[in-house]
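Student: One file: input02.csv (CSV, C-alpha atoms).
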```csv
chain,number,residue,atom,x,y,z
S,1,MET,CA,0.7,-12.0,1.5
S,2,ILE,CA,0.1,-8.3,1.8
S,3,ASN,CA,-0.1,-6.4,-1.5
S,4,VAL,CA,0.3,-2.6,-1.5
S,5,VAL,CA,-1.3,-1.0,-4.6
S,6,LEU,CA,-0.4,2.6,-5.5
S,7,PHE,CA,-2.7,4.1,-8.0
S,8,GLN,CA,-0.8,6.8,-10.0
S,9,PRO,CA,1.7,7.8,-7.4
S,10,GLU,CA,3.1,11.2,-7.9
S,11,ILE,CA,5.9,11.9,-5.4
S,12,PRO,CA,9.1,9.8,-5.9
S,13,PRO,CA,10.2,10.0,-2.2
S,14,ASN,CA,6.9,8.6,-1.0
S,15,THR,CA,7.1,5.6,-3.4
S,16,GLY,CA,10.8,5.1,-2.4
S,17,ASN,CA,9.8,5.1,1.3
S,18,ILE,CA,6.9,2.7,0.5
S,19,ILE,CA,9.5,0.4,-1.1
S,20,ARG,CA,11.4,0.4,2.1
S,21,THR,CA,8.2,-0.4,4.1
S,22,CYS,CA,7.3,-3.2,1.7
S,23,MET,CA,10.9,-4.6,1.8
S,24,ALA,CA,10.9,-4.6,5.7
S,25,SER,CA,7.5,-6.2,5.9
S,26,ASN,CA,7.7,-8.7,3.1
S,27,ALA,CA,4.8,-7.0,1.3
S,28,LYS,CA,4.5,-6.9,-2.5
S,29,LEU,CA,4.3,-3.5,-4.2
S,30,HIS,CA,2.2,-2.8,-7.3
S,31,LEU,CA,2.4,0.6,-9.2
S,32,ILE,CA,-0.4,1.7,-11.5
S,33,LYS,CA,0.5,4.2,-14.3
S,34,PRO,CA,0.8,6.9,-15.1
S,35,LEU,CA,3.5,7.5,-12.5
S,36,GLY,CA,4.3,11.1,-11.6
S,37,PHE,CA,8.0,10.3,-12.0
S,38,LYS,CA,10.5,8.1,-13.9
S,39,LEU,CA,11.7,5.0,-12.1
S,40,ASP,CA,15.3,6.2,-12.6
S,41,ASP,CA,14.5,9.6,-10.9
S,42,THR,CA,17.3,10.6,-8.5
S,43,SER,CA,14.9,11.4,-5.6
S,44,PHE,CA,13.1,8.1,-6.1
S,45,LYS,CA,16.4,6.2,-6.0
S,46,ARG,CA,17.6,8.1,-3.0
S,47,ALA,CA,14.4,7.4,-1.0
S,48,GLY,CA,14.5,3.7,-2.0
S,49,LEU,CA,18.2,3.4,-0.9
S,50,ASP,CA,19.9,0.2,-1.8
S,51,TYR,CA,16.6,-1.7,-1.5
S,52,LEU,CA,15.9,-0.9,-5.2
S,53,ARG,CA,18.6,-3.4,-6.2
S,54,SER,CA,16.9,-6.4,-4.6
S,55,PHE,CA,13.3,-5.4,-4.3
S,56,HIS,CA,11.0,-6.4,-7.1
S,57,PHE,CA,7.8,-4.5,-7.8
S,58,GLU,CA,5.2,-4.7,-10.6
S,59,VAL,CA,4.1,-1.8,-12.8
S,60,TYR,CA,0.8,-1.8,-14.7
S,61,GLU,CA,-0.4,0.4,-17.6
S,62,ASN,CA,-3.8,1.1,-15.9
S,63,PHE,CA,-6.2,-0.2,-13.3
S,64,GLU,CA,-7.7,-2.7,-15.8
S,65,ASP,CA,-4.3,-4.1,-16.6
S,66,PHE,CA,-3.7,-4.5,-12.8
S,67,LYS,CA,-7.0,-6.4,-12.3
S,68,ASN,CA,-6.5,-8.6,-15.4
S,69,ARG,CA,-3.0,-9.6,-14.3
S,70,CYS,CA,-3.5,-10.0,-10.6
S,71,HIS,CA,-6.9,-11.6,-10.4
S,72,ILE,CA,-7.6,-10.0,-7.1
S,73,ASP,CA,-10.3,-11.4,-4.8
S,74,LYS,CA,-12.6,-8.4,-4.0
S,75,LYS,CA,-13.5,-10.0,-0.7
S,76,PHE,CA,-9.9,-9.3,0.5
S,77,THR,CA,-9.3,-6.1,-1.4
S,78,TYR,CA,-9.6,-2.8,0.5
S,79,VAL,CA,-9.5,0.8,-0.7
S,80,ILE,CA,-7.9,3.2,1.8
S,81,SER,CA,-9.9,6.4,1.8
S,82,ARG,CA,-10.9,9.3,4.0
S,83,PHE,CA,-14.4,8.7,2.6
S,84,ALA,CA,-14.7,5.2,4.2
S,85,ASP,CA,-17.2,4.4,6.9
S,86,TYR,CA,-15.0,1.8,8.7
S,87,THR,CA,-11.6,2.2,10.3
S,88,TYR,CA,-8.7,-0.1,9.3
S,89,SER,CA,-8.8,-1.6,12.8
S,90,GLU,CA,-12.3,-2.9,12.3
S,91,ALA,CA,-11.2,-5.0,9.4
S,92,ASN,CA,-10.4,-8.7,10.0
S,93,LEU,CA,-6.9,-9.0,8.4
S,94,SER,CA,-5.8,-11.9,10.6
S,95,ASN,CA,-5.5,-14.8,8.0
S,96,LYS,CA,-1.8,-15.0,7.3
S,97,ASP,CA,-2.5,-17.4,4.4
S,98,GLN,CA,-4.8,-15.0,2.6
S,99,ASN,CA,-3.7,-12.5,-0.1
S,100,TYR,CA,-4.8,-9.0,1.0
S,101,TRP,CA,-4.8,-6.1,-1.4
S,102,PHE,CA,-4.7,-2.5,-0.1
S,103,ILE,CA,-5.3,0.2,-2.8
S,104,PHE,CA,-4.1,3.7,-2.2
S,105,GLY,CA,-4.8,6.7,-4.4
S,106,SER,CA,-2.4,9.3,-5.6
S,107,GLU,CA,-1.2,12.0,-3.3
S,108,THR,CA,-3.2,14.9,-4.8
S,109,HIS,CA,-6.2,13.2,-6.5
S,110,GLY,CA,-6.8,10.1,-4.5
S,111,LEU,CA,-8.8,7.4,-6.3
S,112,PRO,CA,-11.4,7.9,-9.0
S,113,LYS,CA,-15.1,7.4,-8.3
S,114,GLU,CA,-15.2,4.2,-10.3
S,115,ILE,CA,-12.7,2.5,-8.0
S,116,HIS,CA,-14.6,3.8,-4.9
S,117,ASP,CA,-17.8,2.5,-6.4
S,118,GLU,CA,-16.3,-0.9,-7.2
S,119,PHE,CA,-15.1,-1.4,-3.6
S,120,ILE,CA,-17.8,0.6,-1.9
S,121,ASN,CA,-18.2,-2.0,0.9
S,122,HIS,CA,-14.4,-2.6,1.3
S,123,ARG,CA,-13.2,0.9,2.1
S,124,LEU,CA,-11.2,1.6,5.2
S,125,ARG,CA,-10.2,4.9,6.8
S,126,ILE,CA,-7.4,5.9,9.1
S,127,PRO,CA,-8.9,8.0,11.9
S,128,MET,CA,-7.6,11.6,12.1
S,129,ASP,CA,-8.7,15.1,13.1
S,130,GLU,CA,-11.7,16.2,11.1
S,131,ASN,CA,-9.8,19.3,9.9
S,132,ALA,CA,-7.0,17.2,8.4
S,133,ARG,CA,-7.4,16.4,4.7
S,134,CYS,CA,-5.1,13.4,4.7
S,135,LEU,CA,-1.9,11.8,6.0
S,136,ASN,CA,1.3,11.4,4.0
S,137,LEU,CA,0.9,8.4,1.6
S,138,SER,CA,4.0,6.5,2.9
S,139,ASN,CA,2.8,6.9,6.5
S,140,SER,CA,-0.6,5.6,5.5
S,141,VAL,CA,0.8,2.6,3.8
S,142,ALA,CA,2.9,1.8,6.9
S,143,ILE,CA,-0.1,2.1,9.2
S,144,ILE,CA,-2.2,-0.3,7.2
S,145,VAL,CA,0.6,-2.8,6.4
S,146,TYR,CA,1.7,-3.1,10.0
S,147,GLU,CA,-1.9,-3.4,11.3
S,148,ALA,CA,-2.4,-6.4,9.0
S,149,LEU,CA,0.9,-7.9,10.2
S,150,ARG,CA,0.0,-7.2,13.9
S,151,GLN,CA,-3.3,-9.0,13.5
S,152,GLN,CA,-1.4,-11.9,12.0
S,153,ASN,CA,1.3,-11.8,14.7
S,154,PHE,CA,4.0,-10.8,12.3
S,155,PRO,CA,4.3,-14.2,10.7
S,156,THR,CA,7.3,-13.7,8.4
S,157,LEU,CA,9.1,-11.0,10.4
S,158,SER,CA,11.9,-11.3,13.0
S,159,LYS,CA,10.9,-10.2,16.5
S,160,ILE,CA,14.4,-10.2,17.9
S,161,ASN,CA,17.2,-7.7,17.5
S,162,LYS,CA,19.9,-9.5,15.5
S,163,LEU,CA,22.4,-6.7,16.0
S,164,ASP,CA,22.7,-7.6,19.7
S,165,SER,CA,22.8,-11.4,19.3
```
Would you mind writing the file's structure down as structure tokens?
Tutor:
Amino acid sequence: MINVVLFQPEIPPNTGNIIRTCMASNAKLHLIKPLGFKLDDTSFKRAGLDYLRSFHFEVYENFEDFKNRCHIDKKFTYVISRFADYTYSEANLSNKDQNYWFIFGSETHGLPKEIHDEFINHRLRIPMDENARCLNLSNSVAIIVYEALRQQNFPTLSKINKLDS
């Protein structure tokens, strides 16, 4: 399973869009407080569309609460950061039976040093122009999730257009 972890997300439409990506890709979403919005925020609900009715996500009080409740395997946990030495395409994410954890920082502050230090050898970057500070959070999540799924040959996803059949 692919697990998307958002550390202190701030922008409701980003999180709503990420819910849509997680729903479409069968990924699980984990939100670590404090959140920069209320879960009943109008823009959050609008971005999440009707997926919010059927999509379940977990909310944690802090990073320690997340680690205590999820029992993540550090070997399969990756921090996505512009400070990483390896690109996401260099990671072997091909085991469809493995739980992968992808941790993304907040839109304006990223991840704290302690989390970077804890996963120093498991940080991945998305290549971009050296003058760019970062990509939009929801775009970054989509890139990483679909790379993992591509490496696994999209094991739980439909590859046919059901609208035409």
Student: Skip S:Thr87 itself and residues of its chain fewer than 6 positions away, then list as a list in words all residues within 7 Å of it, counting all atoms listed in the file.
Tutor: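 Within the cut-off, the hits are Leu124, Arg125, Ile126 and Pro127 of chain S.
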Student: What separation in Å, quoted to one decimal, exists between atom CA of S:Tyr60 and atom CA of S:Tyr88?
Tutor: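 That distance, rounded to one decimal, is 25.9 Å.
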Student: Quick one: of S:Asn139, S:Asn153, S:Asn121, S:Gln98, who's nearest to S:Arg20, counting all atoms listed in the file?
Tutor: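 Of the candidates, the smallest distance to S:Arg20 is held by S:Asn139.
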Student: With all atoms listed in the file as the basis for distance, which of S:Arg69, S:Lys45, S:Ser106, S:His30 is at the shortest distance from S:Gln8?
Tutor: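 Smallest separation from S:Gln8 among the options: S:Ser106.
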Student: Quote the spacing between atom CA of S:Ala27 and atom CA of S:Asn3 in Å to one decimal place.
Tutor: 5.7 Å
Student: For each of S:Asp85, S:Ala148, S:Asn99, S:Pro155, take the minimum atom-to-atom distance to S:His71, counting all atoms listed in the file, then give the residue where this is smallest.
Tutor: S:Asn99
Student: Can you pull out every residue within 12 Å of S:Glu58, counting all atoms listed in the file, but drop anything in the same chain fewer than 5 positions away, and send it as a ChimeraX atom specification?
Tutor: /S:3-6,19,28-33,39,65-66,69-70
Student: Measuring between all atoms listed in the file, which one of S:Phe83, S:Tyr100, S:Phe119, S:Phe7 shows the shortest distance to S:Phe63?
Tutor: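 Ranked by minimum distance to S:Phe63, first place goes to S:Phe7.
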Student: I need the residue nearest S:Pro13 from this list: S:Glu61, S:Glu107, S:Glu130, S:Asp117. Use only C-alpha atoms for the distance.
Tutor: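 Selected residue with least distance to S:Pro13: S:Glu107.
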Student: Nearest to S:Ile11 among S:Asp41, S:Glu118, S:Asp129, S:Glu147, with distances taken over all atoms listed in the file: which residue is it?
Tutor: S:Asp41
Student: Pull the neighbourhood of (6.2, -13.5, 9.5) for me: all residues within 12 Å in file coordinates, counting only C-alpha atoms, as a list of chain:residue names.
Tutor: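 Applying the cut-off with only C-alpha atoms, one gets S:Met1, S:Ile2, S:Ala24, S:Ser25, S:Asn26, S:Ala27, S:Asn95, S:Lys96, S:Asp97, S:Tyr146, S:Ala148, S:Leu149, S:Arg150, S:Gln151, S:Gln152, S:Asn153, S:Phe154, S:Pro155, S:Thr156, S:Leu157, S:Ser158, S:Lys159.
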Student: What does the structure give for the distance between atom CA of S:Ile103 and atom CA of S:Tyr86, in Å to one decimal?
Tutor: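 Atom CA of S:Tyr86 lies at a distance of 15.1 Å from atom CA of S:Ile103.
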